[in-house]
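**Q** Before I ask anything, here is the structure I am working with.
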Amino acid sequence: MIGSKENTFHLKKAIDCVDQEEMYNELKKVNIPPMKICITGRGRVAGGAIEILERLSIRKVNIEEYLNESFNEHVYVRLAVTDYNRRKDEKEGVINEFFQNPEPYESNFEKFSKVTDFYIACHYWDSRAPFIFTKKDLAADNFNIRYISDISCDIDGPVASTIRPSTIKNPFYGMDKKTGKEVAFENIDSLAVMAVDNLPCELPIDASNDFGEQLLNYAIPALFNDDADQILERATIAENGKLTKRFSYLENYVAGE
C-alpha cells in the first residue's frame with residue numbers, strides 16, 4: 001500500500017505468488033521511511049501481521065516507548081483491548097470483563113492515533129463495544145495516521161475509515177479525513193485504506209496444503225477415536241439448528257443485529 005501510494009516500490013500481489021516463499025521474497029523490495037506501526041488484536045490474525053513485520057526486521061517496542069519516544073527506525077506496538085479502551089468510571093480495566101460487557105468502556109485510542117503512521121486492525125469487534133475511532137476523530141488535527149490496513153473489515157464499524165470493503169483486484173482506496181468521504185487513492189493528502197474482507201484467500205496453494213494437513217492429522221483421526229481430544233466438538237458451530245455454546249457469541253450476527 002505504501003509503495004503504491006508513494007510510487008516508490010511495487011510488490012506482486014500475494015494471489016499472484018506461487019506460494020508463501022515467493023511472497024516473502026517480494027518483501028525484499030520494501031523500502032519505506034522510519035515509521036510507527038500500531039496493531040490491535042491478540043489472535044492469529046494479528047500474529048500473521050506480526051510475522052510479516054518481523055520478516056521486515058521491524059522491532060517491537062512497549063507502549064510507553066511507543067507513545068513517548070522518537071525512533072530513526074521502524075517500530076511496532078501490539079495492543080490488547082484494555083490498552084485502547086478505558087472504563088468510563090476510571091477504574092482499572094479488565095480484559096475478561098470487557099469481553100463479557102464492554103458497555104462501561106470508552107475508546108482512548110487517541111493517544112495512539114496521535115503518534116501512529118500506519119495502523120493495522122486485526123481485532124475481533126463486538127457491536128456492543130465502543131468504536132476505536134470515529135469520523136469525528138478522523139477529522140481532528142491530531143489524527144496522525146496516514147495508512148490503515150483493516151484486516152478485520154467491519155463496515156461502518158469501529159474503524160471509521162472502513163466505509164466499504166475493497167477487493168483483491170483493487171485493494172486500496174483513499175479517504176478525505178475531514179469529510180469522511182472516499183477520494184482517489186492517488187490523492188497526496190488522502191488517507192490510504194486497505195479493507196479486503198477475504199484477504200486469506202490470496203494464498204490458495206499454502207492454504208489448501210495446510211488445511212489438508214490439519215484434516216489428516218486431527219479431524220480424520222477424531223472420527224475413529226470417539227473424538228478423544230474434542231476436536232470435532234470444538235469445531236462444531238451449530239447442532240440441531242442452534243449455535244453451540246462455544247459459538248454463542250455469534251447469536252446477534254445470526255439474528256442480523
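Starting from 1 in every chain, residues are counted up; chains themselves are A, B, ... following the order of the C-alpha cells, and ligands are numbered from 1 as listed.
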Report as a tab-separated table: every residue of segment 71-148 of chain A with an atom at most 8 Å from segment 183-201 of chain A, its closest pair of atoms, and their distance in Å to one decimal, counting only C-alpha atoms, with rows sorted by chain and ascending residue number.
**A**
```
residue	atom	partner	partner_atom	distance
A:Ile145	CA	A:Leu191	CA	7.7
A:Arg146	CA	A:Leu191	CA	5.1
A:Tyr147	CA	A:Ala192	CA	4.8
A:Ile148	CA	A:Val193	CA	4.9
```
**Q** Can those selected residues be exported to a file as an mmCIF file, in the first residue's frame so that it contains N, CA and C atoms?
**A**
```cif
data_model
loop_
_atom_site.group_PDB
_atom_site.id
_atom_site.type_symbol
_atom_site.label_atom_id
_atom_site.label_comp_id
_atom_site.auth_asym_id
_atom_site.auth_seq_id
_atom_site.Cartn_x
_atom_site.Cartn_y
_atom_site.Cartn_z
ATOM 1 N N ILE A 145 -2.452 9.261 11.664
ATOM 2 C CA ILE A 145 -2.348 8.052 10.841
ATOM 3 C C ILE A 145 -2.522 8.373 9.364
ATOM 4 N N ARG A 146 -1.646 7.806 8.530
ATOM 5 C CA ARG A 146 -1.699 8.038 7.083
ATOM 6 C C ARG A 146 -2.074 6.797 6.288
ATOM 7 N N TYR A 147 -1.863 5.613 6.911
ATOM 8 C CA TYR A 147 -2.139 4.350 6.230
ATOM 9 C C TYR A 147 -2.895 3.437 7.186
ATOM 10 N N ILE A 148 -3.975 2.813 6.698
ATOM 11 C CA ILE A 148 -4.757 1.899 7.524
ATOM 12 C C ILE A 148 -5.018 0.615 6.759
#
```
**Q** Could you pull out all residues of segment 112-237 of chain A with a DSSP call of strand (DSSP E or B) and give them as a ChimeraX atom specification?
**A** /A:118-121,133,147-150,159,166,172-176,181-183,191-194,196
**Q** Mind checking which residues fall within 10 Å of Asp141 of chain A, counting only C-alpha atoms, ignoring those fewer than 2 positions away in the same chain, and posting them as a PyMOL selection string?
**A** chain A and resi 114+137-139+143-144+177-178
**Q** Could the residues in this selection be written to a file with N, CA and C atoms, as a PDB file, in the first residue's frame?
**A**
```
ATOM      1  N   LYS A 114      -2.360   9.764  17.666  1.00  0.00           N
ATOM      2  CA  LYS A 114      -1.555  10.987  17.589  1.00  0.00           C
ATOM      3  C   LYS A 114      -0.117  10.721  17.157  1.00  0.00           C
ATOM      4  N   ASP A 137     -13.137  11.736  15.101  1.00  0.00           N
ATOM      5  CA  ASP A 137     -11.727  11.548  15.465  1.00  0.00           C
ATOM      6  C   ASP A 137     -10.828  11.666  14.238  1.00  0.00           C
ATOM      7  N   LEU A 138     -11.282  11.085  13.126  1.00  0.00           N
ATOM      8  CA  LEU A 138     -10.517  11.154  11.878  1.00  0.00           C
ATOM      9  C   LEU A 138     -10.233  12.586  11.467  1.00  0.00           C
ATOM     10  N   ALA A 139     -11.234  13.450  11.657  1.00  0.00           N
ATOM     11  CA  ALA A 139     -11.136  14.830  11.185  1.00  0.00           C
ATOM     12  C   ALA A 139     -10.302  15.716  12.111  1.00  0.00           C
ATOM     13  N   PHE A 143      -4.979  13.714  14.469  1.00  0.00           N
ATOM     14  CA  PHE A 143      -5.038  12.345  13.948  1.00  0.00           C
ATOM     15  C   PHE A 143      -3.913  12.186  12.929  1.00  0.00           C
ATOM     16  N   ASN A 144      -2.881  11.454  13.323  1.00  0.00           N
ATOM     17  CA  ASN A 144      -1.643  11.413  12.539  1.00  0.00           C
ATOM     18  C   ASN A 144      -1.579  10.274  11.531  1.00  0.00           C
ATOM     19  N   LYS A 177      -9.946  12.757   5.266  1.00  0.00           N
ATOM     20  CA  LYS A 177     -10.153  12.642   6.709  1.00  0.00           C
ATOM     21  C   LYS A 177     -11.103  13.708   7.245  1.00  0.00           C
ATOM     22  N   LYS A 178     -11.157  14.841   6.615  1.00  0.00           N
ATOM     23  CA  LYS A 178     -12.020  15.924   7.093  1.00  0.00           C
ATOM     24  C   LYS A 178     -13.492  15.664   6.791  1.00  0.00           C
TER      25      LYS A 178
END
```
**Q** Name the residues in contact with Ile37 of chain A at a cut-off of 6 Å, using only C-alpha atoms, excluding same-chain residues fewer than 2 positions from it; report them as a list in words.
**A**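 Contacts, with the query itself left out: Tyr76, Phe118 and Tyr119 of chain A.
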**Q** Neighbours of Ala219 of chain A within 12 Å (only C-alpha atoms; same-chain residues fewer than 4 positions away dropped), as an MDAnalysis selection string?
**A** chainID A and resid 211:215 223:236
**Q** Enter the distance from atom CA of Lys36 of chain A to atom CA of Thr116 of chain A, in Å, rounded to one decimal.
**A** 5.2 Å
**Q** Could I get the residues of segment 153-216 of chain A with an atom no further than 12 Å from an atom of segment 128-134 of chain A, each paired with its nearest atom pair and that distance in Å to one decimal, using only C-alpha atoms, sorted by chain and residue number, as JSON lines?
**A**
```
{"residue": "A:Asp154", "atom": "CA", "partner": "A:Phe131", "partner_atom": "CA", "distance": 10.7}
{"residue": "A:Ile155", "atom": "CA", "partner": "A:Phe131", "partner_atom": "CA", "distance": 11.7}
{"residue": "A:Asp156", "atom": "CA", "partner": "A:Thr134", "partner_atom": "CA", "distance": 9.5}
{"residue": "A:Gly157", "atom": "CA", "partner": "A:Phe131", "partner_atom": "CA", "distance": 6.7}
{"residue": "A:Pro158", "atom": "CA", "partner": "A:Phe131", "partner_atom": "CA", "distance": 3.8}
{"residue": "A:Val159", "atom": "CA", "partner": "A:Phe133", "partner_atom": "CA", "distance": 5.8}
{"residue": "A:Ala160", "atom": "CA", "partner": "A:Thr134", "partner_atom": "CA", "distance": 5.0}
{"residue": "A:Ser161", "atom": "CA", "partner": "A:Thr134", "partner_atom": "CA", "distance": 8.2}
{"residue": "A:Thr162", "atom": "CA", "partner": "A:Thr134", "partner_atom": "CA", "distance": 10.5}
{"residue": "A:Ile163", "atom": "CA", "partner": "A:Thr134", "partner_atom": "CA", "distance": 11.4}
{"residue": "A:Lys177", "atom": "CA", "partner": "A:Thr134", "partner_atom": "CA", "distance": 10.6}
{"residue": "A:Lys178", "atom": "CA", "partner": "A:Thr134", "partner_atom": "CA", "distance": 11.6}
{"residue": "A:Thr179", "atom": "CA", "partner": "A:Thr134", "partner_atom": "CA", "distance": 11.9}
{"residue": "A:Gly180", "atom": "CA", "partner": "A:Thr134", "partner_atom": "CA", "distance": 9.6}
```
**Q** Next, dump the selected residues to file, keeping only C-alpha atoms, as a compact mmCIF listing (two decimals), in the first residue's frame.
**A**
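So result11.txt came out as:
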```txt
# COMPACT_ATOMS: atom_id res chain seq x y z
CA ASP A 154 -16.20 -4.26 9.87
CA ILE A 155 -18.06 -1.91 7.52
CA ASP A 156 -19.22 1.32 9.20
CA GLY A 157 -17.84 -0.14 12.40
CA PRO A 158 -15.08 0.60 14.90
CA VAL A 159 -12.54 1.78 12.29
CA ALA A 160 -14.29 4.78 10.78
CA SER A 161 -12.15 4.82 7.65
CA THR A 162 -13.61 1.46 6.55
CA ILE A 163 -16.63 2.72 4.64
CA LYS A 177 -10.15 12.64 6.71
CA LYS A 178 -12.02 15.92 7.09
CA THR A 179 -15.17 14.89 5.22
CA GLY A 180 -15.08 11.12 5.77
```
**Q** Quick one: of A:Thr167, A:Ser149, A:Asn209, A:Asn31, who's nearest to Asn7 of chain A, counting only C-alpha atoms?
**A**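 Using only C-alpha atoms, Asn7 of chain A sits closest to A:Asn31.
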**Q** So what do you get for atom CA of Glu21 of chain A versus atom CA of Val61 of chain A, distance-wise?
**A**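 Interatomic distance, atom CA of Glu21 of chain A to atom CA of Val61 of chain A: 27.1 Å.
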**Q** Calculated over only C-alpha atoms, which of the candidates A:Met1, A:Ile39, A:Leu11, A:Val94 has the smallest distance to Ser152 of chain A?
**A**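 Closest candidate: A:Ile39.
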